[in-house]
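**Q** Below you'll find input-v5.cif; it's mmCIF, C-alpha atoms (C1' of nucleotides).
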data_data
#
loop_
_atom_site.group_PDB
_atom_site.id
_atom_site.type_symbol
_atom_site.label_atom_id
_atom_site.label_comp_id
_atom_site.auth_asym_id
_atom_site.auth_seq_id
_atom_site.Cartn_x
_atom_site.Cartn_y
_atom_site.Cartn_z
ATOM 1 C CA MET P 1 83.110 126.842 60.249
ATOM 2 C CA LYS P 2 80.069 126.173 58.180
ATOM 3 C CA PHE P 3 78.872 126.123 54.636
ATOM 4 C CA THR P 4 76.196 128.653 53.839
ATOM 5 C CA THR P 5 72.920 127.973 52.090
ATOM 6 C CA ARG P 6 74.566 129.294 48.946
ATOM 7 C CA GLY P 7 76.766 126.255 48.839
ATOM 8 C CA ARG P 8 74.160 123.799 49.943
ATOM 9 C CA TYR P 9 71.403 125.011 47.655
ATOM 10 C CA SER P 10 73.784 125.134 44.726
ATOM 11 C CA VAL P 11 74.741 121.519 45.175
ATOM 12 C CA GLN P 12 71.057 120.707 45.460
ATOM 13 C CA ILE P 13 70.354 122.486 42.208
ATOM 14 C CA MET P 14 73.082 120.555 40.471
ATOM 15 C CA VAL P 15 71.945 117.243 41.904
ATOM 16 C CA ASP P 16 68.426 118.003 40.792
ATOM 17 C CA LEU P 17 69.609 118.822 37.289
ATOM 18 C CA SER P 18 71.515 115.548 37.246
ATOM 19 C CA GLN P 19 68.388 113.660 38.145
ATOM 20 C CA HIS P 20 66.342 115.298 35.415
ATOM 21 C CA MET P 21 68.910 115.354 32.657
ATOM 22 C CA SER P 22 66.809 113.332 30.255
ATOM 23 C CA GLU P 23 63.839 115.707 30.361
ATOM 24 C CA GLY P 24 65.331 118.594 28.449
ATOM 25 C CA PRO P 25 65.695 122.023 30.025
ATOM 26 C CA VAL P 26 64.689 122.060 33.684
ATOM 27 C CA SER P 27 63.036 125.252 34.900
ATOM 28 C CA LEU P 28 64.140 126.862 38.103
ATOM 29 C CA LYS P 29 60.521 126.971 39.158
ATOM 30 C CA SER P 30 60.291 123.201 39.157
ATOM 31 C CA ILE P 31 63.516 122.870 41.118
ATOM 32 C CA ALA P 32 62.369 125.426 43.677
ATOM 33 C CA GLU P 33 59.066 123.623 44.097
ATOM 34 C CA ARG P 34 60.618 120.210 44.474
ATOM 35 C CA HIS P 35 62.880 121.393 47.271
ATOM 36 C CA ASP P 36 60.610 124.074 48.681
ATOM 37 C CA LEU P 37 63.114 126.848 48.163
ATOM 38 C CA SER P 38 62.741 130.426 46.970
ATOM 39 C CA GLU P 39 62.923 130.562 43.191
ATOM 40 C CA ARG P 40 64.199 134.129 43.342
ATOM 41 C CA TYR P 41 67.023 133.134 45.603
ATOM 42 C CA LEU P 42 68.008 130.149 43.486
ATOM 43 C CA GLU P 43 68.075 132.485 40.530
ATOM 44 C CA GLN P 44 71.047 134.280 42.023
ATOM 45 C CA LEU P 45 72.848 131.051 42.619
ATOM 46 C CA ILE P 46 72.301 129.503 39.251
ATOM 47 C CA THR P 47 73.516 132.723 37.657
ATOM 48 C CA GLU P 48 76.884 131.954 39.198
ATOM 49 C CA LEU P 49 76.721 128.354 38.068
ATOM 50 C CA ARG P 50 76.076 129.566 34.557
ATOM 51 C CA LYS P 51 78.932 132.034 34.651
ATOM 52 C CA ALA P 52 81.174 129.213 35.818
ATOM 53 C CA ASP P 53 80.020 127.267 32.802
ATOM 54 C CA LEU P 54 78.620 124.446 34.874
ATOM 55 C CA VAL P 55 75.138 124.827 33.363
ATOM 56 C CA ARG P 56 73.747 126.436 30.276
ATOM 57 C CA SER P 57 70.393 128.145 30.033
ATOM 58 C CA VAL P 58 67.587 128.043 27.520
ATOM 59 C CA ARG P 59 65.495 131.175 27.616
ATOM 60 C CA GLY P 60 61.817 131.572 26.981
ATOM 61 C CA ALA P 61 58.810 129.322 27.516
ATOM 62 C CA GLN P 62 59.735 125.677 28.074
ATOM 63 C CA GLY P 63 63.229 126.901 28.801
ATOM 64 C CA GLY P 64 65.370 126.098 31.764
ATOM 65 C CA TYR P 65 68.813 124.839 32.613
ATOM 66 C CA ILE P 66 70.940 121.926 31.479
ATOM 67 C CA LEU P 67 74.202 120.559 32.821
ATOM 68 C CA GLN P 68 77.177 121.424 30.680
ATOM 69 C CA ARG P 69 78.972 118.186 31.512
ATOM 70 C CA GLU P 70 78.104 114.725 32.681
ATOM 71 C CA PRO P 71 77.538 114.332 36.439
ATOM 72 C CA ASP P 72 80.664 112.244 36.722
ATOM 73 C CA GLN P 73 82.665 115.146 35.330
ATOM 74 C CA ILE P 74 81.455 117.809 37.766
ATOM 75 C CA ALA P 75 83.106 117.907 41.166
ATOM 76 C CA VAL P 76 81.351 119.365 44.160
ATOM 77 C CA GLY P 77 84.352 121.592 44.773
ATOM 78 C CA GLU P 78 83.759 123.387 41.508
ATOM 79 C CA ILE P 79 80.169 124.065 42.463
ATOM 80 C CA LEU P 80 81.032 125.414 45.881
ATOM 81 C CA ARG P 81 83.762 127.662 44.592
ATOM 82 C CA SER P 82 81.631 129.005 41.773
ATOM 83 C CA VAL P 83 79.045 130.396 44.165
ATOM 84 C CA ALA P 84 81.833 131.706 46.358
ATOM 85 C CA ALA P 85 80.732 129.588 49.271
ATOM 86 C CA SER P 86 84.289 130.231 50.216
ATOM 87 C CA ILE P 87 86.199 127.117 51.082
ATOM 88 C CA ALA P 88 89.087 128.997 52.630
ATOM 89 C CA PRO P 89 88.779 128.973 56.410
ATOM 90 C CA VAL P 90 90.350 132.410 56.802
ATOM 91 C CA ASP P 91 91.477 135.227 54.595
ATOM 92 C CA CYS P 92 95.131 135.123 55.542
ATOM 93 C CA GLU P 93 95.908 132.021 53.503
ATOM 94 C CA HIS P 94 94.159 133.373 50.492
ATOM 95 C CA GLN P 95 96.619 136.195 50.483
ATOM 96 C CA THR P 96 99.471 133.913 51.255
ATOM 97 C CA GLU P 97 99.065 132.233 47.925
ATOM 98 C CA THR P 98 99.803 135.488 46.237
ATOM 99 C CA LEU P 99 102.587 136.160 48.688
ATOM 100 C CA SER P 100 100.929 139.259 50.074
ATOM 101 C CA CYS P 101 100.031 138.060 53.524
ATOM 102 C CA SER P 102 99.933 141.150 55.676
ATOM 103 C CA CYS P 103 100.405 139.555 59.050
ATOM 104 C CA ASP P 104 103.686 139.082 60.778
ATOM 105 C CA PRO P 105 104.895 135.661 59.689
ATOM 106 C CA ASP P 106 106.725 134.990 62.909
ATOM 107 C CA GLU P 107 103.985 135.932 65.297
ATOM 108 C CA GLN P 108 100.434 135.840 64.041
ATOM 109 C CA CYS P 109 101.092 133.378 61.307
ATOM 110 C CA LEU P 110 102.535 130.576 63.314
ATOM 111 C CA THR P 111 99.072 129.204 62.803
ATOM 112 C CA ARG P 112 99.033 129.988 59.118
ATOM 113 C CA ASP P 113 100.070 126.533 58.043
ATOM 114 C CA LEU P 114 97.256 125.146 60.085
ATOM 115 C CA TRP P 115 94.577 126.983 58.158
ATOM 116 C CA ILE P 116 96.272 126.185 54.905
ATOM 117 C CA ARG P 117 96.214 122.525 55.755
ATOM 118 C CA VAL P 118 92.554 122.661 56.665
ATOM 119 C CA ARG P 119 91.696 124.490 53.495
ATOM 120 C CA ASP P 120 93.673 122.087 51.341
ATOM 121 C CA SER P 121 92.158 119.123 53.056
ATOM 122 C CA VAL P 122 88.623 120.309 52.454
ATOM 123 C CA ASN P 123 89.376 121.267 48.894
ATOM 124 C CA GLU P 124 90.910 117.907 48.218
ATOM 125 C CA LEU P 125 87.864 116.171 49.571
ATOM 126 C CA VAL P 126 85.200 118.160 47.739
ATOM 127 C CA ASP P 127 87.214 117.978 44.545
ATOM 128 C CA SER P 128 87.185 114.204 44.780
ATOM 129 C CA ILE P 129 83.411 113.943 45.046
ATOM 130 C CA TYR P 130 81.388 114.178 41.861
ATOM 131 C CA LEU P 131 77.719 114.752 41.264
ATOM 132 C CA SER P 132 77.450 111.167 40.144
ATOM 133 C CA ASP P 133 78.551 110.099 43.603
ATOM 134 C CA LEU P 134 75.565 111.827 45.143
ATOM 135 C CA ILE P 135 72.740 110.321 43.111
ATOM 136 C CA MET Y 1 83.201 127.974 54.851
ATOM 137 C CA LYS Y 2 85.454 129.834 57.179
ATOM 138 C CA PHE Y 3 86.669 129.853 60.710
ATOM 139 C CA THR Y 4 85.755 132.904 62.706
ATOM 140 C CA THR Y 5 88.161 135.062 64.669
ATOM 141 C CA ARG Y 6 86.975 133.220 67.754
ATOM 142 C CA GLY Y 7 88.671 130.102 66.517
ATOM 143 C CA ARG Y 8 91.718 131.806 65.125
ATOM 144 C CA TYR Y 9 92.385 134.027 68.091
ATOM 145 C CA SER Y 10 91.876 131.145 70.467
ATOM 146 C CA VAL Y 11 94.502 129.091 68.727
ATOM 147 C CA GLN Y 12 96.787 132.109 68.825
ATOM 148 C CA ILE Y 13 96.269 132.470 72.534
ATOM 149 C CA MET Y 14 97.133 128.841 73.075
ATOM 150 C CA VAL Y 15 100.194 129.007 70.853
ATOM 151 C CA ASP Y 16 101.342 132.084 72.726
ATOM 152 C CA LEU Y 17 100.876 130.349 76.040
ATOM 153 C CA SER Y 18 102.899 127.427 74.715
ATOM 154 C CA GLN Y 19 105.717 129.740 73.787
ATOM 155 C CA HIS Y 20 105.813 131.362 77.197
ATOM 156 C CA MET Y 21 105.263 128.329 79.353
ATOM 157 C CA SER Y 22 108.483 128.750 81.274
ATOM 158 C CA GLU Y 23 107.712 132.268 82.428
ATOM 159 C CA GLY Y 24 104.969 131.487 84.882
ATOM 160 C CA PRO Y 25 101.466 132.898 84.479
ATOM 161 C CA VAL Y 26 101.065 134.856 81.256
ATOM 162 C CA SER Y 27 98.739 137.853 81.424
ATOM 163 C CA LEU Y 28 96.123 138.393 78.788
ATOM 164 C CA LYS Y 29 97.396 141.929 78.444
ATOM 165 C CA SER Y 30 100.788 140.712 77.257
ATOM 166 C CA ILE Y 31 99.193 138.326 74.780
ATOM 167 C CA ALA Y 32 96.908 141.023 73.426
ATOM 168 C CA GLU Y 33 99.836 143.385 73.004
ATOM 169 C CA ARG Y 34 102.044 140.852 71.285
ATOM 170 C CA HIS Y 35 99.393 140.110 68.701
ATOM 171 C CA ASP Y 36 97.736 143.515 68.629
ATOM 172 C CA LEU Y 37 94.340 142.183 69.581
ATOM 173 C CA SER Y 38 91.664 143.505 71.911
ATOM 174 C CA GLU Y 39 92.308 142.313 75.441
ATOM 175 C CA ARG Y 40 88.619 142.578 76.238
ATOM 176 C CA TYR Y 41 87.730 140.347 73.351
ATOM 177 C CA LEU Y 42 90.350 137.762 74.193
ATOM 178 C CA GLU Y 43 88.940 137.734 77.695
ATOM 179 C CA GLN Y 44 85.745 136.224 76.387
ATOM 180 C CA LEU Y 45 87.612 133.590 74.495
ATOM 181 C CA ILE Y 46 89.959 132.524 77.235
ATOM 182 C CA THR Y 47 86.994 132.188 79.539
ATOM 183 C CA GLU Y 48 85.835 129.389 77.285
ATOM 184 C CA LEU Y 49 89.274 127.846 77.200
ATOM 185 C CA ARG Y 50 89.304 127.858 80.968
ATOM 186 C CA LYS Y 51 85.878 126.289 81.209
ATOM 187 C CA ALA Y 52 87.070 123.602 78.825
ATOM 188 C CA ASP Y 53 89.948 123.009 81.215
ATOM 189 C CA LEU Y 54 92.560 123.800 78.594
ATOM 190 C CA VAL Y 55 94.102 126.571 80.696
ATOM 191 C CA ARG Y 56 94.019 127.524 84.333
ATOM 192 C CA SER Y 57 94.068 131.043 85.694
ATOM 193 C CA VAL Y 58 95.995 132.735 88.467
ATOM 194 C CA ARG Y 59 94.165 135.778 89.758
ATOM 195 C CA GLY Y 60 95.609 138.983 91.116
ATOM 196 C CA ALA Y 61 98.749 140.902 90.378
ATOM 197 C CA GLN Y 62 101.376 138.927 88.502
ATOM 198 C CA GLY Y 63 98.603 136.526 87.626
ATOM 199 C CA GLY Y 64 97.693 135.198 84.244
ATOM 200 C CA TYR Y 65 97.063 131.940 82.468
ATOM 201 C CA ILE Y 66 98.903 128.645 82.225
ATOM 202 C CA LEU Y 67 98.344 125.638 79.998
ATOM 203 C CA GLN Y 68 96.752 122.733 81.764
ATOM 204 C CA ARG Y 69 98.587 120.176 79.645
ATOM 205 C CA GLU Y 70 101.736 119.989 77.607
ATOM 206 C CA PRO Y 71 101.488 121.435 74.074
ATOM 207 C CA ASP Y 72 101.843 117.961 72.610
ATOM 208 C CA GLN Y 73 98.747 116.898 74.480
ATOM 209 C CA ILE Y 74 96.430 119.653 73.300
ATOM 210 C CA ALA Y 75 94.863 119.217 69.872
ATOM 211 C CA VAL Y 76 93.710 122.171 67.843
ATOM 212 C CA GLY Y 77 90.315 120.535 67.472
ATOM 213 C CA GLU Y 78 89.736 120.770 71.192
ATOM 214 C CA ILE Y 79 90.514 124.462 71.140
ATOM 215 C CA LEU Y 80 88.198 125.204 68.238
ATOM 216 C CA ARG Y 81 85.331 123.261 69.690
ATOM 217 C CA SER Y 82 85.720 124.818 73.114
ATOM 218 C CA VAL Y 83 85.100 128.290 71.766
ATOM 219 C CA ALA Y 84 82.258 126.949 69.668
ATOM 220 C CA ALA Y 85 83.949 127.952 66.463
ATOM 221 C CA SER Y 86 81.601 125.370 65.069
ATOM 222 C CA ILE Y 87 83.300 122.797 62.931
ATOM 223 C CA ALA Y 88 80.095 121.408 61.481
ATOM 224 C CA PRO Y 89 79.548 122.710 57.945
ATOM 225 C CA VAL Y 90 75.753 122.646 58.194
ATOM 226 C CA ASP Y 91 73.158 121.997 60.825
ATOM 227 C CA CYS Y 92 71.544 119.059 59.147
ATOM 228 C CA GLU Y 93 74.297 116.596 59.990
ATOM 229 C CA HIS Y 94 74.402 117.685 63.555
ATOM 230 C CA GLN Y 95 70.849 116.550 63.848
ATOM 231 C CA THR Y 96 71.531 113.458 61.854
ATOM 232 C CA GLU Y 97 73.755 112.166 64.554
ATOM 233 C CA THR Y 98 70.848 112.198 66.930
ATOM 234 C CA LEU Y 99 68.628 110.750 64.225
ATOM 235 C CA SER Y 100 66.347 113.768 64.178
ATOM 236 C CA CYS Y 101 67.199 115.234 60.803
ATOM 237 C CA SER Y 102 64.121 117.087 59.723
ATOM 238 C CA CYS Y 103 64.698 117.170 56.005
ATOM 239 C CA ASP Y 104 63.362 114.668 53.548
ATOM 240 C CA PRO Y 105 66.049 111.993 53.324
ATOM 241 C CA ASP Y 106 65.258 111.165 49.724
ATOM 242 C CA GLU Y 107 65.194 114.666 48.354
ATOM 243 C CA GLN Y 108 67.029 117.353 50.247
ATOM 244 C CA CYS Y 109 69.413 115.031 51.956
ATOM 245 C CA LEU Y 110 70.915 113.364 48.965
ATOM 246 C CA THR Y 111 73.738 115.693 49.788
ATOM 247 C CA ARG Y 112 73.706 114.890 53.479
ATOM 248 C CA ASP Y 113 76.518 112.391 53.310
ATOM 249 C CA LEU Y 114 78.604 114.972 51.565
ATOM 250 C CA TRP Y 115 78.489 117.426 54.454
ATOM 251 C CA ILE Y 116 79.054 114.669 56.939
ATOM 252 C CA ARG Y 117 82.171 113.637 55.100
ATOM 253 C CA VAL Y 118 83.461 117.189 55.007
ATOM 254 C CA ARG Y 119 82.798 117.684 58.671
ATOM 255 C CA ASP Y 120 84.454 114.420 59.629
ATOM 256 C CA SER Y 121 87.420 115.187 57.455
ATOM 257 C CA VAL Y 122 88.015 118.551 59.056
ATOM 258 C CA ASN Y 123 87.518 117.185 62.538
ATOM 259 C CA GLU Y 124 89.945 114.395 61.883
ATOM 260 C CA LEU Y 125 92.529 116.835 60.658
ATOM 261 C CA VAL Y 126 92.317 119.383 63.464
ATOM 262 C CA ASP Y 127 92.260 116.600 66.010
ATOM 263 C CA SER Y 128 95.514 115.289 64.628
ATOM 264 C CA ILE Y 129 97.346 118.599 64.944
ATOM 265 C CA TYR Y 130 98.727 119.541 68.335
ATOM 266 C CA LEU Y 131 99.972 122.831 69.684
ATOM 267 C CA SER Y 132 103.463 121.388 69.627
ATOM 268 C CA ASP Y 133 103.145 121.018 65.870
ATOM 269 C CA LEU Y 134 102.643 124.736 65.502
ATOM 270 C CA ILE Y 135 105.611 126.095 67.392
ATOM 271 C "C1'" DC V 1 96.781 150.016 100.349
ATOM 272 C "C1'" DT V 2 97.696 150.223 95.652
ATOM 273 C "C1'" DA V 3 98.505 148.349 91.311
ATOM 274 C "C1'" DT V 4 97.702 144.503 88.539
ATOM 275 C "C1'" DA V 5 94.981 140.883 87.058
ATOM 276 C "C1'" DT V 6 91.086 137.858 86.400
ATOM 277 C "C1'" DC V 7 86.033 137.455 86.426
ATOM 278 C "C1'" DC V 8 81.095 138.484 85.235
ATOM 279 C "C1'" DT V 9 77.193 140.545 82.751
ATOM 280 C "C1'" DA V 10 75.490 143.263 79.467
ATOM 281 C "C1'" DC V 11 75.489 146.349 75.464
ATOM 282 C "C1'" DT V 12 76.701 148.013 70.761
ATOM 283 C "C1'" DT V 13 78.280 148.087 66.219
ATOM 284 C "C1'" DA V 14 79.598 146.078 61.783
ATOM 285 C "C1'" DT V 15 79.158 142.536 58.577
ATOM 286 C "C1'" DT V 16 77.200 138.956 56.192
ATOM 287 C "C1'" DC V 17 73.462 136.032 54.991
ATOM 288 C "C1'" DA V 18 69.188 135.047 53.143
ATOM 289 C "C1'" DC V 19 65.728 136.576 50.809
ATOM 290 C "C1'" DT V 20 62.615 139.969 48.267
ATOM 291 C "C1'" DA V 21 61.235 143.184 44.527
ATOM 292 C "C1'" DG V 22 60.502 145.139 40.020
ATOM 293 C "C1'" DG V 23 60.854 144.811 35.689
ATOM 294 C "C1'" DA V 24 63.400 143.861 30.978
ATOM 295 C "C1'" DA V 25 64.493 140.442 27.438
ATOM 296 C "C1'" DT V 26 63.662 136.075 25.096
ATOM 297 C "C1'" DT V 27 61.154 132.214 23.284
ATOM 298 C "C1'" DT V 28 57.277 128.805 22.707
ATOM 299 C "C1'" DC V 29 52.780 127.892 21.414
ATOM 300 C "C1'" DC V 30 48.194 128.919 19.941
ATOM 301 C "C1'" DG N 1 50.642 138.609 16.534
ATOM 302 C "C1'" DG N 2 49.730 137.995 21.408
ATOM 303 C "C1'" DA N 3 49.836 135.663 25.774
ATOM 304 C "C1'" DA N 4 52.280 132.887 28.830
ATOM 305 C "C1'" DA N 5 56.450 131.083 30.483
ATOM 306 C "C1'" DT N 6 60.903 131.599 31.507
ATOM 307 C "C1'" DT N 7 65.601 133.521 32.026
ATOM 308 C "C1'" DC N 8 68.199 137.773 32.990
ATOM 309 C "C1'" DC N 9 69.694 142.092 35.486
ATOM 310 C "C1'" DT N 10 70.048 145.428 39.276
ATOM 311 C "C1'" DA N 11 68.770 146.847 43.683
ATOM 312 C "C1'" DG N 12 66.996 146.772 48.208
ATOM 313 C "C1'" DT N 13 65.836 144.880 52.920
ATOM 314 C "C1'" DG N 14 65.298 142.209 57.342
ATOM 315 C "C1'" DA N 15 67.399 139.184 60.468
ATOM 316 C "C1'" DA N 16 71.062 136.878 62.383
ATOM 317 C "C1'" DT N 17 75.695 136.515 63.816
ATOM 318 C "C1'" DA N 18 80.244 138.041 64.618
ATOM 319 C "C1'" DA N 19 83.258 141.200 66.612
ATOM 320 C "C1'" DG N 20 84.327 144.271 69.798
ATOM 321 C "C1'" DT N 21 83.101 147.632 74.007
ATOM 322 C "C1'" DA N 22 81.931 148.948 78.631
ATOM 323 C "C1'" DG N 23 81.572 149.040 83.606
ATOM 324 C "C1'" DG N 24 82.596 147.343 87.491
ATOM 325 C "C1'" DA N 25 83.323 143.342 91.006
ATOM 326 C "C1'" DT N 26 86.792 140.226 92.964
ATOM 327 C "C1'" DA N 27 91.352 138.559 94.123
ATOM 328 C "C1'" DT N 28 96.335 138.806 95.120
ATOM 329 C "C1'" DA N 29 101.354 140.305 95.074
ATOM 330 C "C1'" DG N 30 104.282 143.494 96.927
#
Could you write out this structure as structure tokens?

**A**
Amino acid sequence: MKFTTRGRYSVQIMVDLSQHMSEGPVSLKSIAERHDLSERYLEQLITELRKADLVRSVRGAQGGYILQREPDQIAVGEILRSVAASIAPVDCEHQTETLSCSCDPDEQCLTRDLWIRVRDSVNELVDSIYLSDLI
Amino acid sequence: MKFTTRGRYSVQIMVDLSQHMSEGPVSLKSIAERHDLSERYLEQLITELRKADLVRSVRGAQGGYILQREPDQIAVGEILRSVAASIAPVDCEHQTETLSCSCDPDEQCLTRDLWIRVRDSVNELVDSIYLSDLI
DNA sequence: CTATATCCTACTTATTCACTAGGAATTTCC
DNA sequence: GGAAATTCCTAGTGAATAAGTAGGATATAG
């Protein structure tokens, strides 16, 4: 069980934006340089953050990205979920929520509650940590 | 963040063994059939469980596997770790424990504590759930 | 002695991750 | 108006890992 770079880099992007809030739009290039990451790769991630309405973009020269809310109003859980750095340990529970779990509830899914508990526990934790807690 | 089939199947094996404790050695074949899983694949997993001293094997005809301890003495966390269904969300923290984290503590690792907290939280949870809680 | 199992090593295939590539659209600044 | 900077959009690719296969050796009950 591990978070991917998608999740980690996305949190880094958001932390970076928090730290440079006062400077107007922050370009992805500057973020990539500060953390020595691929700008092209971050582009994909921040696209998701924008779609999730966590940042807004300013196009053109001197453009960049700006947080949509204050750092103390953005939970890490939102960031992770927006880039689909899936927080669910296994697929089964996902389906369970919509009551379409395909596995035999008596046999295979004796362990179902386990994964649900793990998922909920992680979600609860990351939803209780805000960007402002990280800077 | 997800558990792999290694972790899930391993827990299933152990739950199955718990349920059939009274019947003497339980063959991998019977477990594979009950859960419709590949016996050959489970073989690899139970090898790890045996090495971790969570089960013992009885070779030959009528052989199989038996739990080494009572279900209320075997935590899920032990099972997951024994098959290396890594519980650490990212590598960085792993290294942190041995004080050899390679990333810049001021920049990249502002988020370090976050992943440590997630990891610890998950570990704490799976270590508090025993096989007996699942059956 | 045969059938049933575990045990051991290696190989293969499928999937996902991480990253790259090319170029279009938008905006600032001179 | 033009050049530079920057976001936006759609694909493609290489490497790693996960998941599952394969072949056969070893052990034991009956």

**Q** Taking all atoms listed in the file into account, report as a PyMOL selection string which residues of chain V lie within 9 Å of chain Y.

**A** chain V and resi 3-7

**Q** Write down, as number ranges by chain, each residue of chain N that has any atom within 7 Å of an atom of chain Y, counting all atoms listed in the file.

**A** N: 20, 27-29

**Q** Write out chain Y, as a compact mmCIF listing (two decimals) with C-alpha atoms, in the frame of the given file, after superposing it onto chain P by least squares using every C-alpha atom paired in order.

**A**
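Heads up, here's the output in out33.txt:
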# COMPACT_ATOMS: atom_id res chain seq x y z
CA MET Y 1 83.23 126.86 60.01
CA LYS Y 2 80.18 126.29 57.93
CA PHE Y 3 78.98 126.32 54.39
CA THR Y 4 76.33 128.87 53.61
CA THR Y 5 73.02 128.16 51.93
CA ARG Y 6 74.59 129.47 48.75
CA GLY Y 7 76.83 126.45 48.64
CA ARG Y 8 74.25 123.98 49.82
CA TYR Y 9 71.46 125.13 47.57
CA SER Y 10 73.78 125.24 44.60
CA VAL Y 11 74.77 121.65 45.09
CA GLN Y 12 71.09 120.79 45.42
CA ILE Y 13 70.32 122.52 42.17
CA MET Y 14 73.04 120.59 40.42
CA VAL Y 15 71.97 117.28 41.92
CA ASP Y 16 68.41 117.99 40.85
CA LEU Y 17 69.54 118.78 37.33
CA SER Y 18 71.47 115.52 37.30
CA GLN Y 19 68.37 113.62 38.27
CA HIS Y 20 66.28 115.18 35.55
CA MET Y 21 68.79 115.21 32.75
CA SER Y 22 66.66 113.13 30.43
CA GLU Y 23 63.69 115.47 30.55
CA GLY Y 24 65.12 118.34 28.58
CA PRO Y 25 65.49 121.80 30.09
CA VAL Y 26 64.53 121.89 33.76
CA SER Y 27 62.87 125.09 34.96
CA LEU Y 28 64.02 126.77 38.11
CA LYS Y 29 60.41 126.86 39.22
CA SER Y 30 60.22 123.07 39.27
CA ILE Y 31 63.47 122.82 41.21
CA ALA Y 32 62.34 125.40 43.73
CA GLU Y 33 59.06 123.58 44.23
CA ARG Y 34 60.65 120.18 44.64
CA HIS Y 35 62.93 121.43 47.37
CA ASP Y 36 60.67 124.12 48.78
CA LEU Y 37 63.15 126.90 48.19
CA SER Y 38 62.73 130.45 46.95
CA GLU Y 39 62.85 130.53 43.17
CA ARG Y 40 64.08 134.11 43.25
CA TYR Y 41 66.96 133.17 45.47
CA LEU Y 42 67.94 130.18 43.39
CA GLU Y 43 67.94 132.48 40.40
CA GLN Y 44 70.90 134.32 41.82
CA LEU Y 45 72.75 131.13 42.43
CA ILE Y 46 72.17 129.52 39.08
CA THR Y 47 73.33 132.70 37.44
CA GLU Y 48 76.72 131.99 38.95
CA LEU Y 49 76.59 128.38 37.87
CA ARG Y 50 75.88 129.52 34.35
CA LYS Y 51 78.71 132.01 34.36
CA ALA Y 52 80.99 129.24 35.55
CA ASP Y 53 79.82 127.23 32.56
CA LEU Y 54 78.47 124.43 34.71
CA VAL Y 55 74.97 124.75 33.25
CA ARG Y 56 73.50 126.30 30.15
CA SER Y 57 70.13 127.98 29.91
CA VAL Y 58 67.29 127.77 27.43
CA ARG Y 59 65.17 130.90 27.50
CA GLY Y 60 61.47 131.23 26.88
CA ALA Y 61 58.54 128.97 27.50
CA GLN Y 62 59.48 125.35 28.13
CA GLY Y 63 62.96 126.63 28.80
CA GLY Y 64 65.15 125.89 31.75
CA TYR Y 65 68.62 124.69 32.58
CA ILE Y 66 70.76 121.78 31.46
CA LEU Y 67 74.06 120.47 32.76
CA GLN Y 68 76.99 121.34 30.58
CA ARG Y 69 78.83 118.13 31.43
CA GLU Y 70 78.00 114.67 32.64
CA PRO Y 71 77.48 114.34 36.41
CA ASP Y 72 80.65 112.29 36.68
CA GLN Y 73 82.60 115.18 35.25
CA ILE Y 74 81.40 117.87 37.64
CA ALA Y 75 83.10 118.03 41.03
CA VAL Y 76 81.37 119.51 44.03
CA GLY Y 77 84.36 121.76 44.59
CA GLU Y 78 83.72 123.50 41.30
CA ILE Y 79 80.14 124.17 42.28
CA LEU Y 80 81.03 125.58 45.68
CA ARG Y 81 83.73 127.82 44.33
CA SER Y 82 81.56 129.11 41.52
CA VAL Y 83 79.02 130.52 43.93
CA ALA Y 84 81.83 131.87 46.07
CA ALA Y 85 80.79 129.77 49.01
CA SER Y 86 84.35 130.45 50.03
CA ILE Y 87 86.26 127.35 50.92
CA ALA Y 88 89.15 129.19 52.52
CA PRO Y 89 88.89 129.07 56.31
CA VAL Y 90 90.56 132.45 56.83
CA ASP Y 91 91.78 135.29 54.71
CA CYS Y 92 95.38 135.10 55.74
CA GLU Y 93 96.19 132.04 53.67
CA HIS Y 94 94.53 133.44 50.64
CA GLN Y 95 97.03 136.23 50.75
CA THR Y 96 99.82 133.87 51.56
CA GLU Y 97 99.50 132.28 48.21
CA THR Y 98 100.30 135.57 46.59
CA LEU Y 99 103.04 136.14 49.14
CA SER Y 100 101.39 139.25 50.54
CA CYS Y 101 100.34 138.00 53.95
CA SER Y 102 100.25 141.05 56.13
CA CYS Y 103 100.61 139.43 59.51
CA ASP Y 104 103.85 138.92 61.34
CA PRO Y 105 105.07 135.51 60.21
CA ASP Y 106 106.81 134.78 63.49
CA GLU Y 107 104.00 135.71 65.81
CA GLN Y 108 100.49 135.68 64.46
CA CYS Y 109 101.18 133.26 61.70
CA LEU Y 110 102.54 130.41 63.69
CA THR Y 111 99.10 129.05 63.04
CA ARG Y 112 99.15 129.92 59.36
CA ASP Y 113 100.15 126.47 58.21
CA LEU Y 114 97.29 125.06 60.18
CA TRP Y 115 94.65 126.96 58.23
CA ILE Y 116 96.37 126.21 54.98
CA ARG Y 117 96.26 122.53 55.76
CA VAL Y 118 92.58 122.69 56.63
CA ARG Y 119 91.77 124.58 53.49
CA ASP Y 120 93.74 122.22 51.29
CA SER Y 121 92.17 119.23 52.95
CA VAL Y 122 88.65 120.45 52.32
CA ASN Y 123 89.44 121.45 48.77
CA GLU Y 124 90.95 118.09 48.07
CA LEU Y 125 87.90 116.35 49.40
CA VAL Y 126 85.24 118.34 47.58
CA ASP Y 127 87.25 118.15 44.39
CA SER Y 128 87.23 114.39 44.63
CA ILE Y 129 83.46 114.10 44.94
CA TYR Y 130 81.41 114.29 41.77
CA LEU Y 131 77.72 114.83 41.23
CA SER Y 132 77.47 111.22 40.15
CA ASP Y 133 78.63 110.20 43.61
CA LEU Y 134 75.64 111.90 45.16
CA ILE Y 135 72.80 110.39 43.19

**Q** Identify which of the residues P:Ser18, P:Ser132, P:Thr111, P:Asn123 lies closest to chain Y, counting all atoms listed in the file when measuring atom-to-atom distances.

**A**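 So, comparing all the options, the nearest one is P:Thr111.
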